[in-house]
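Participant: One structure coming up, written as structure tokens, with questions to follow.
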Amino acid sequence: MDHKANENEKRIREKTLESLSNRTKAPTSVFVILLVLYFAASVVVSIASGSRSDIMIAGNPFPLYALAGVFSSLANICILFLAFYCGKAGFFAALTVLVVQLPMILMGVFVNHNLTSLPGVFGNLLAIIAIVVIYRNNVSVERYQTRLREQAVTDTLTGLPNRFACSELVQELTKRGIPFAMVTIDINDFKTINDTMGFNTGNKVLVEIASRWKTIADSGLSGTLDFIIRASGDEFALVIRDHHSEEDILNTIRQYEAALEERLTVDECDFYVTASFGYAEFPADTRDMDSLFSYSVTAMKEVKRAGSSEHILRFTPELLKEGHTLEIENKVRAAIENDTIYFQLQPQYDMSHKLRGFEALARMKDKDGSVISPGEFIPVAEKIGLIDKVDGIVFKKSAAFVGSLIQKSGADITLSVNASVRHLMKNNFLDEIRELLAESGLPAERLEIEITESIMIDSAEKALNCINEIRKMGVKVAIDDFGTGYSSLSYLFNFPANLLKIDKSFIDRMNTSDSSKEYVASIISIGHVMGFEVISEGVEDTEQLETLRNIGCDYIQGFVWGRPLPQEEAERIVMEAK
Ligand code: C2E
Ligand code: MG
Ligand code: MG
């Protein structure tokens, strides 16, 4: 099995070398045609040279022996082509023919005294010299090409195959549908070695690492068939085949990892090197070669980013989200510029199903009309410092709508909007709210600002001052996603909010365990003791609704009574509730 695979590898390598050659060898059919042509021409030469008769060409008599020269030249051309284009076989065939022919021609001249064959002797000798020169030339060109081709698939520093050889192998394996794992390896903190010890030492470290890994790959001790290459700098790659399970892949990678555990001594210095390994499997993770490379690189980068003690990671689609960020980033910028961010309103009710108001939720659409979830674009907007713009758009649009709805219907409803900490921390946040109220005509006590619990903790002092000011304006404040942060009771006690929103995750768990119900019940009681009203979000079924009613929850928001709605539907609910 191993031998077969090695042979295969050699064949693949040869193919790689072959494809790099700029001169292709003629196929066997050309070899055969040239030989046949040669013999046919020779037959014509021998008949024509001994003949005294004429043939008629274009009405004129022409001595047949004169054709001998023409066909003799044709035969020599065939011989030269054989030697030039048909490699070793062509050369030896041409040489044999010429050498065998020479005594016959010599006999004609010296024994039969046929002097017309004399030019043939010189022609033959010249042809022999020419093909020997051509052959020697071919051999040296081929040697040079082979060296060049070898270099093209070999990393000069470590002697390992290089990136090019790797992609040839991967291409072949994907084409033939052979399962394998593509592992990208990067040496951790290699830059430090280079920076502190210089490139020469860095190179020696790389050579030592390569040699240890090559030993494993060549020995076959890993139990899988491994192909190790150096891609560039401190980046290596490993192609693992003949595995039976993911555990086999991990075992193999661990052996390469373990090979670095023993200290490396270079230039009388000891180095302790580790590496990060990211891998993706063909065909399980992807059938596309380019994706396979980029997936394994993504996994490797995640290992580096996470900085944990586990240095091996398999690719998962979630890892792509980071790369996806840039795309979302552009979409957020474009949506702000084109003013295409909009909102939906999710109703909130008291336990008797009376409408309390709505939470405004930001929405953004892709070019193709598909909705991008706020779970995706809000964190990106936060990261690139545009969240205040996104929040601001939702604030303005939803306040204008609900403000006029209240004026129109006289309904007693509250609009809750989400404020990100970055937005809240802006110096002009309070001015923005004042302006919002003035422009929309929404009464201050009808506006509620939702701030997530984790934000309150992270940015305690400034946030607290800002929230106090908001409350002074008469605007309400809700603590969103309550239960997910770690706020202490004493902190909560001083927090000037009016509403606690219990996070959906607690509501979800209520159906499965009694202790979760008790937990939610305790939050509600404590909230009440502290003077907050309590709303549960993410309520999806009537069982949860019943439990919440029994344990004294004040309000609910959730799919059970209403999903986020477009404006017209929200308006209809308000009008119907009158
Ligand atoms: P959030 O403020 O906790 O909003 C509640 C989320 O729960 C909303 O998701 C809502 O659609 C969803 N939800 C409500 N009831 C149910 C239910 O019964 N079942 C399920 N499965 N989900 C329910 P959405 O709209 O995807 O918003 C996600 C988060 O994005 C929001 O969580 C909020 O943190 C953020 N967000 C949305 N709009 C804005 C905004 O304008 N500004 C800022 N800063 N954040 C926003
Ligand atoms: Mg919210
Ligand atoms: Mg929430």
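Chain labels follow the order of the structure tokens: the first chain is A, the next B, and so on; residue numbering restarts at 1 in every chain, and ligands are counted from 1 in their shown order.
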Hey, could you make a per-residue contact list for chain A against ligand 1 with 9 Å as the cut-off, showing the nearest pair of atoms and its distance in Å to one decimal, counting only C-alpha atoms and all ligand atoms, sorted by chain and number, as CSV?
Facilitator:
```
residue,atom,partner,partner_atom_place_in_ligand_line,distance
A:Tyr342,CA,ligand 1,41 (O),8.9
A:Phe343,CA,ligand 1,41 (O),7.5
A:Gln344,CA,ligand 1,25 (O),8.0
A:Leu345,CA,ligand 1,11 (O),9.0
A:Gln346,CA,ligand 1,11 (O),7.1
A:Glu359,CA,ligand 1,4 (O),7.8
A:Ala360,CA,ligand 1,38 (N),6.6
A:Leu361,CA,ligand 1,38 (N),3.7
A:Ala362,CA,ligand 1,38 (N),3.8
A:Arg363,CA,ligand 1,38 (N),7.0
A:Ser373,CA,ligand 1,26 (O),5.6
A:Pro374,CA,ligand 1,30 (O),4.6
A:Gly375,CA,ligand 1,30 (O),5.0
A:Glu376,CA,ligand 1,30 (O),8.1
A:Phe377,CA,ligand 1,30 (O),8.3
A:Ile378,CA,ligand 1,45 (N),5.8
A:Pro379,CA,ligand 1,45 (N),8.4
A:Ala381,CA,ligand 1,44 (N),8.8
A:Glu382,CA,ligand 1,44 (N),8.1
A:Ile387,CA,ligand 1,44 (N),6.4
A:Asp388,CA,ligand 1,44 (N),7.8
A:Val390,CA,ligand 1,41 (O),6.4
A:Asp391,CA,ligand 1,42 (N),4.6
A:Gly392,CA,ligand 1,41 (O),7.8
A:Ile393,CA,ligand 1,41 (O),7.9
A:Val394,CA,ligand 1,41 (O),5.3
A:Phe395,CA,ligand 1,41 (O),7.3
A:Val417,CA,ligand 1,41 (O),6.5
A:Asn418,CA,ligand 1,42 (N),4.5
A:Ala419,CA,ligand 1,44 (N),4.5
A:Ser420,CA,ligand 1,44 (N),4.1
A:Val421,CA,ligand 1,44 (N),7.9
A:Arg422,CA,ligand 1,44 (N),8.8
A:His423,CA,ligand 1,44 (N),7.9
A:Glu450,CA,ligand 1,2 (O),7.2
A:Ile451,CA,ligand 1,2 (O),8.4
A:Thr452,CA,ligand 1,34 (O),7.4
A:Asp480,CA,ligand 1,3 (O),6.1
A:Asp481,CA,ligand 1,3 (O),5.7
A:Lys501,CA,ligand 1,3 (O),8.3
A:Asp503,CA,ligand 1,3 (O),7.1
A:Lys504,CA,ligand 1,7 (O),7.3
A:Glu537,CA,ligand 1,15 (N),5.7
A:Gly538,CA,ligand 1,18 (O),3.5
A:Val539,CA,ligand 1,18 (O),4.5
A:Glu540,CA,ligand 1,18 (O),4.4
A:Asp541,CA,ligand 1,18 (O),8.1
A:Gln557,CA,ligand 1,15 (N),5.8
A:Gly558,CA,ligand 1,18 (O),3.5
A:Phe559,CA,ligand 1,18 (O),3.7
A:Val560,CA,ligand 1,18 (O),6.2
A:Trp561,CA,ligand 1,18 (O),8.3
A:Gly562,CA,ligand 1,15 (N),7.7
A:Arg563,CA,ligand 1,15 (N),6.4
A:Pro564,CA,ligand 1,11 (O),5.8
```
Participant: Write out, as an mmCIF file, in the first residue's frame, the residues just selected, with C-alpha atoms.
Facilitator:
```
data_model
loop_
_atom_site.group_PDB
_atom_site.id
_atom_site.type_symbol
_atom_site.label_atom_id
_atom_site.label_comp_id
_atom_site.auth_asym_id
_atom_site.auth_seq_id
_atom_site.Cartn_x
_atom_site.Cartn_y
_atom_site.Cartn_z
ATOM 1 C CA TYR A 342 -35.247 50.790 8.698
ATOM 2 C CA PHE A 343 -36.999 49.405 11.741
ATOM 3 C CA GLN A 344 -39.644 46.960 12.810
ATOM 4 C CA LEU A 345 -41.736 47.165 15.918
ATOM 5 C CA GLN A 346 -42.211 44.222 18.235
ATOM 6 C CA GLU A 359 -39.513 47.794 20.839
ATOM 7 C CA ALA A 360 -37.928 49.256 17.712
ATOM 8 C CA LEU A 361 -35.514 46.801 16.100
ATOM 9 C CA ALA A 362 -33.072 47.825 13.410
ATOM 10 C CA ARG A 363 -33.308 46.123 10.046
ATOM 11 C CA SER A 373 -29.960 40.111 10.955
ATOM 12 C CA PRO A 374 -29.048 42.789 13.520
ATOM 13 C CA GLY A 375 -27.164 40.054 15.377
ATOM 14 C CA GLU A 376 -24.774 40.265 12.426
ATOM 15 C CA PHE A 377 -24.610 43.935 11.540
ATOM 16 C CA ILE A 378 -24.966 45.608 14.960
ATOM 17 C CA PRO A 379 -21.671 44.184 16.298
ATOM 18 C CA ALA A 381 -21.395 48.726 13.248
ATOM 19 C CA GLU A 382 -20.109 48.849 16.829
ATOM 20 C CA ILE A 387 -23.341 52.263 15.758
ATOM 21 C CA ASP A 388 -24.383 55.758 16.851
ATOM 22 C CA VAL A 390 -27.407 53.147 13.054
ATOM 23 C CA ASP A 391 -29.016 53.751 16.457
ATOM 24 C CA GLY A 392 -29.696 57.362 15.491
ATOM 25 C CA ILE A 393 -31.524 56.357 12.313
ATOM 26 C CA VAL A 394 -33.706 53.873 14.193
ATOM 27 C CA PHE A 395 -34.313 56.439 16.975
ATOM 28 C CA VAL A 417 -35.165 51.819 21.529
ATOM 29 C CA ASN A 418 -31.820 50.058 21.895
ATOM 30 C CA ALA A 419 -28.759 52.156 22.650
ATOM 31 C CA SER A 420 -25.324 50.754 22.271
ATOM 32 C CA VAL A 421 -22.725 51.710 24.881
ATOM 33 C CA ARG A 422 -20.566 53.417 22.279
ATOM 34 C CA HIS A 423 -23.502 55.556 21.381
ATOM 35 C CA GLU A 450 -32.771 49.896 26.493
ATOM 36 C CA ILE A 451 -29.228 49.397 27.689
ATOM 37 C CA THR A 452 -27.747 45.934 27.973
ATOM 38 C CA ASP A 480 -31.846 44.685 28.437
ATOM 39 C CA ASP A 481 -30.732 41.056 28.391
ATOM 40 C CA LYS A 501 -35.843 42.741 30.637
ATOM 41 C CA ASP A 503 -33.028 37.550 28.777
ATOM 42 C CA LYS A 504 -34.606 35.014 26.448
ATOM 43 C CA GLU A 537 -38.434 38.622 26.333
ATOM 44 C CA GLY A 538 -38.455 35.755 23.891
ATOM 45 C CA VAL A 539 -41.675 34.231 25.183
ATOM 46 C CA GLU A 540 -42.645 31.709 22.545
ATOM 47 C CA ASP A 541 -45.388 29.486 23.938
ATOM 48 C CA GLN A 557 -42.463 40.415 24.603
ATOM 49 C CA GLY A 558 -42.227 37.427 22.310
ATOM 50 C CA PHE A 559 -43.431 35.512 19.328
ATOM 51 C CA VAL A 560 -46.314 34.046 21.337
ATOM 52 C CA TRP A 561 -48.138 37.363 21.063
ATOM 53 C CA GLY A 562 -46.270 39.197 18.361
ATOM 54 C CA ARG A 563 -43.246 39.165 16.149
ATOM 55 C CA PRO A 564 -41.389 42.303 15.007
#
```
Participant: Skipping near chain neighbours, those fewer than 2 positions away, what residues fall within 12 Å of stretch 129-135 of chain A using only C-alpha atoms, listed as number ranges by chain?
Facilitator: A: 76-99, 122-127, 137-142
Participant: Just the selected residues (N, CA, C and O atoms), exported as a tab-separated table (two decimals), in the first residue's frame, please.
Facilitator:
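And here's result_4.tsv as it stands now:
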```tsv
chain	number	residue	atom	x	y	z
A	76	ASN	N	17.54	11.69	-44.86
A	76	ASN	CA	18.37	12.32	-43.84
A	76	ASN	C	17.57	13.27	-42.95
A	76	ASN	O	17.79	13.35	-41.74
A	77	ILE	N	16.62	13.97	-43.57
A	77	ILE	CA	15.76	14.87	-42.76
A	77	ILE	C	14.96	14.06	-41.74
A	77	ILE	O	14.86	14.44	-40.56
A	78	CYS	N	14.43	12.91	-42.20
A	78	CYS	CA	13.68	12.05	-41.26
A	78	CYS	C	14.57	11.64	-40.10
A	78	CYS	O	14.16	11.63	-38.94
A	79	ILE	N	15.82	11.29	-40.42
A	79	ILE	CA	16.77	10.85	-39.39
A	79	ILE	C	17.03	11.99	-38.39
A	79	ILE	O	17.02	11.79	-37.18
A	80	LEU	N	17.23	13.19	-38.92
A	80	LEU	CA	17.51	14.33	-38.03
A	80	LEU	C	16.30	14.61	-37.13
A	80	LEU	O	16.45	14.86	-35.92
A	81	PHE	N	15.11	14.54	-37.72
A	81	PHE	CA	13.90	14.77	-36.91
A	81	PHE	C	13.76	13.72	-35.82
A	81	PHE	O	13.39	14.03	-34.69
A	82	LEU	N	14.08	12.48	-36.19
A	82	LEU	CA	14.01	11.38	-35.20
A	82	LEU	C	14.90	11.71	-34.01
A	82	LEU	O	14.49	11.62	-32.85
A	83	ALA	N	16.12	12.10	-34.31
A	83	ALA	CA	17.09	12.37	-33.24
A	83	ALA	C	16.68	13.60	-32.43
A	83	ALA	O	16.86	13.65	-31.22
A	84	PHE	N	16.07	14.56	-33.10
A	84	PHE	CA	15.76	15.81	-32.42
A	84	PHE	C	14.51	15.71	-31.55
A	84	PHE	O	14.49	16.19	-30.42
A	85	TYR	N	13.47	15.08	-32.11
A	85	TYR	CA	12.18	15.11	-31.42
A	85	TYR	C	11.79	13.85	-30.65
A	85	TYR	O	10.85	13.89	-29.89
A	86	CYS	N	12.49	12.74	-30.93
A	86	CYS	CA	11.99	11.49	-30.33
A	86	CYS	C	12.86	10.96	-29.21
A	86	CYS	O	12.87	9.75	-28.93
A	87	GLY	N	13.57	11.85	-28.55
A	87	GLY	CA	14.32	11.50	-27.35
A	87	GLY	C	15.37	10.44	-27.59
A	87	GLY	O	15.90	10.29	-28.69
A	88	LYS	N	15.60	9.67	-26.48
A	88	LYS	CA	16.65	8.65	-26.53
A	88	LYS	C	16.35	7.60	-27.60
A	88	LYS	O	17.23	7.22	-28.38
A	89	ALA	N	15.10	7.15	-27.63
A	89	ALA	CA	14.71	6.09	-28.58
A	89	ALA	C	14.97	6.56	-30.01
A	89	ALA	O	15.51	5.81	-30.85
A	90	GLY	N	14.61	7.81	-30.30
A	90	GLY	CA	14.78	8.38	-31.64
A	90	GLY	C	16.26	8.42	-32.01
A	90	GLY	O	16.65	8.05	-33.12
A	91	PHE	N	17.07	8.84	-31.02
A	91	PHE	CA	18.50	8.94	-31.29
A	91	PHE	C	19.10	7.58	-31.63
A	91	PHE	O	19.80	7.41	-32.63
A	92	PHE	N	18.78	6.58	-30.76
A	92	PHE	CA	19.39	5.27	-31.00
A	92	PHE	C	18.86	4.62	-32.29
A	92	PHE	O	19.62	3.96	-33.00
A	93	ALA	N	17.59	4.83	-32.60
A	93	ALA	CA	17.04	4.27	-33.84
A	93	ALA	C	17.77	4.89	-35.04
A	93	ALA	O	18.20	4.18	-35.96
A	94	ALA	N	17.94	6.23	-34.98
A	94	ALA	CA	18.59	6.93	-36.09
A	94	ALA	C	20.05	6.47	-36.24
A	94	ALA	O	20.51	6.17	-37.35
A	95	LEU	N	20.72	6.34	-35.06
A	95	LEU	CA	22.13	5.95	-35.10
A	95	LEU	C	22.27	4.53	-35.68
A	95	LEU	O	23.13	4.27	-36.54
A	96	THR	N	21.41	3.62	-35.19
A	96	THR	CA	21.47	2.24	-35.66
A	96	THR	C	21.31	2.19	-37.19
A	96	THR	O	22.09	1.54	-37.90
A	97	VAL	N	20.26	2.90	-37.66
A	97	VAL	CA	19.98	2.87	-39.09
A	97	VAL	C	21.19	3.38	-39.89
A	97	VAL	O	21.63	2.76	-40.86
A	98	LEU	N	21.76	4.50	-39.41
A	98	LEU	CA	22.87	5.11	-40.16
A	98	LEU	C	24.11	4.22	-40.13
A	98	LEU	O	24.80	4.03	-41.13
A	99	VAL	N	24.39	3.63	-38.93
A	99	VAL	CA	25.60	2.82	-38.79
A	99	VAL	C	25.46	1.52	-39.61
A	99	VAL	O	26.41	1.08	-40.26
A	122	PHE	N	29.34	10.49	-47.66
A	122	PHE	CA	29.53	11.75	-46.90
A	122	PHE	C	28.23	12.15	-46.19
A	122	PHE	O	28.26	12.57	-45.03
A	123	GLY	N	27.13	11.98	-46.93
A	123	GLY	CA	25.82	12.33	-46.33
A	123	GLY	C	25.60	11.53	-45.06
A	123	GLY	O	25.20	12.06	-44.02
A	124	ASN	N	25.90	10.24	-45.14
A	124	ASN	CA	25.70	9.36	-43.99
A	124	ASN	C	26.58	9.76	-42.82
A	124	ASN	O	26.13	9.87	-41.67
A	125	LEU	N	27.87	10.00	-43.13
A	125	LEU	CA	28.79	10.40	-42.06
A	125	LEU	C	28.36	11.72	-41.42
A	125	LEU	O	28.35	11.85	-40.19
A	126	LEU	N	27.96	12.66	-42.27
A	126	LEU	CA	27.52	13.96	-41.73
A	126	LEU	C	26.28	13.80	-40.85
A	126	LEU	O	26.16	14.42	-39.79
A	127	ALA	N	25.38	12.92	-41.33
A	127	ALA	CA	24.14	12.70	-40.54
A	127	ALA	C	24.49	12.12	-39.18
A	127	ALA	O	23.92	12.52	-38.15
A	137	ASN	N	23.47	17.78	-27.18
A	137	ASN	CA	22.84	19.06	-26.85
A	137	ASN	C	21.52	18.84	-26.10
A	137	ASN	O	21.25	19.47	-25.08
A	138	ASN	N	20.75	17.90	-26.63
A	138	ASN	CA	19.46	17.58	-25.98
A	138	ASN	C	19.65	17.13	-24.54
A	138	ASN	O	18.92	17.54	-23.65
A	139	VAL	N	20.66	16.28	-24.34
A	139	VAL	CA	20.90	15.75	-22.99
A	139	VAL	C	21.22	16.88	-22.02
A	139	VAL	O	20.67	16.96	-20.92
A	140	SER	N	22.09	17.81	-22.45
A	140	SER	CA	22.46	18.87	-21.51
A	140	SER	C	21.28	19.82	-21.27
A	140	SER	O	21.06	20.27	-20.14
A	141	VAL	N	20.47	20.08	-22.31
A	141	VAL	CA	19.29	20.94	-22.12
A	141	VAL	C	18.31	20.26	-21.15
A	141	VAL	O	17.78	20.87	-20.24
A	142	GLU	N	18.14	18.96	-21.34
A	142	GLU	CA	17.20	18.22	-20.49
A	142	GLU	C	17.66	18.24	-19.03
A	142	GLU	O	16.86	18.41	-18.12
```
Participant: Could you tell me how far atom CA of A:Leu118 sits from atom CA of A:Ala75, in Å to one decimal place?
Facilitator: 16.2 Å
Participant: Enumerate, as a PyMOL selection string, the complete set of residues in stretch 270-314 of chain A that a backbone-based DSSP assignment places in strand (DSSP E or B).
Facilitator: chain A and resi 270-271+275-282+312-314
Participant: Find, counting only C-alpha atoms and all ligand atoms, the residue in A:Ala570, A:Val266, A:Ile479, A:Leu67 that gets nearest to ligand 2.
Facilitator: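 Answer, going by the shortest atom-to-atom distance: A:Ile479.
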Participant: Rounded to one decimal place, report the atom CA of A:Lys408-atom CA of A:Asp554 distance in Å.
Facilitator: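 Interatomic distance, atom CA of A:Lys408 to atom CA of A:Asp554: 27.1 Å.
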Participant: From a DSSP pass on the backbone, collect the residues of stretch 244-387 of chain A flagged as helix (DSSP H, G or I) and hand them back as number ranges by chain.
Facilitator: A: 246-258, 289-306, 317-337, 374-383, 387
Participant: Provide the atom CA of A:Leu250 to atom CA of A:Ser296 distance in Å, to one decimal place.
Facilitator: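 Atom CA of A:Leu250 sits 13.9 Å away from atom CA of A:Ser296.
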Participant: Would you mind telling me which residue in A:Leu415, A:Met289, A:Ile216, A:Val475 lies nearest to ligand 2 when using only C-alpha atoms and all ligand atoms?
Facilitator: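 Using only C-alpha atoms and all ligand atoms, ligand 2 sits closest to A:Leu415.
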Participant: Which neighbours of A:Met425 fall inside 8 Å, counting only C-alpha atoms, when residues of the same chain fewer than 5 positions from it are skipped, and could you give them as an MDAnalysis selection string?
Facilitator: chainID A and resid 462:463 466
Participant: Now that the selection is made, can you save its residues with N, CA, C and O atoms as a PDB file, in the first residue's frame?
Facilitator:
```pdb
ATOM      1  N   LYS A 462     -19.497  56.717  33.863  1.00  0.00           N
ATOM      2  CA  LYS A 462     -20.012  57.657  32.876  1.00  0.00           C
ATOM      3  C   LYS A 462     -21.437  57.284  32.460  1.00  0.00           C
ATOM      4  O   LYS A 462     -22.300  58.146  32.291  1.00  0.00           O
ATOM      5  N   ALA A 463     -21.654  55.954  32.305  1.00  0.00           N
ATOM      6  CA  ALA A 463     -22.972  55.483  31.895  1.00  0.00           C
ATOM      7  C   ALA A 463     -24.007  55.891  32.939  1.00  0.00           C
ATOM      8  O   ALA A 463     -25.105  56.360  32.602  1.00  0.00           O
ATOM      9  N   CYS A 466     -24.951  59.518  32.682  1.00  0.00           N
ATOM     10  CA  CYS A 466     -25.758  59.751  31.497  1.00  0.00           C
ATOM     11  C   CYS A 466     -27.193  59.266  31.737  1.00  0.00           C
ATOM     12  O   CYS A 466     -28.169  59.953  31.406  1.00  0.00           O
TER      13      CYS A 466
END
```
Participant: Fewer than 3 positions away in the same chain doesn't count, so skip those; otherwise give me all residues within 10 Å of A:Ala284, counting only C-alpha atoms, as an NGL selection string.
Facilitator: :A and (179-181 or 280-281 or 287)
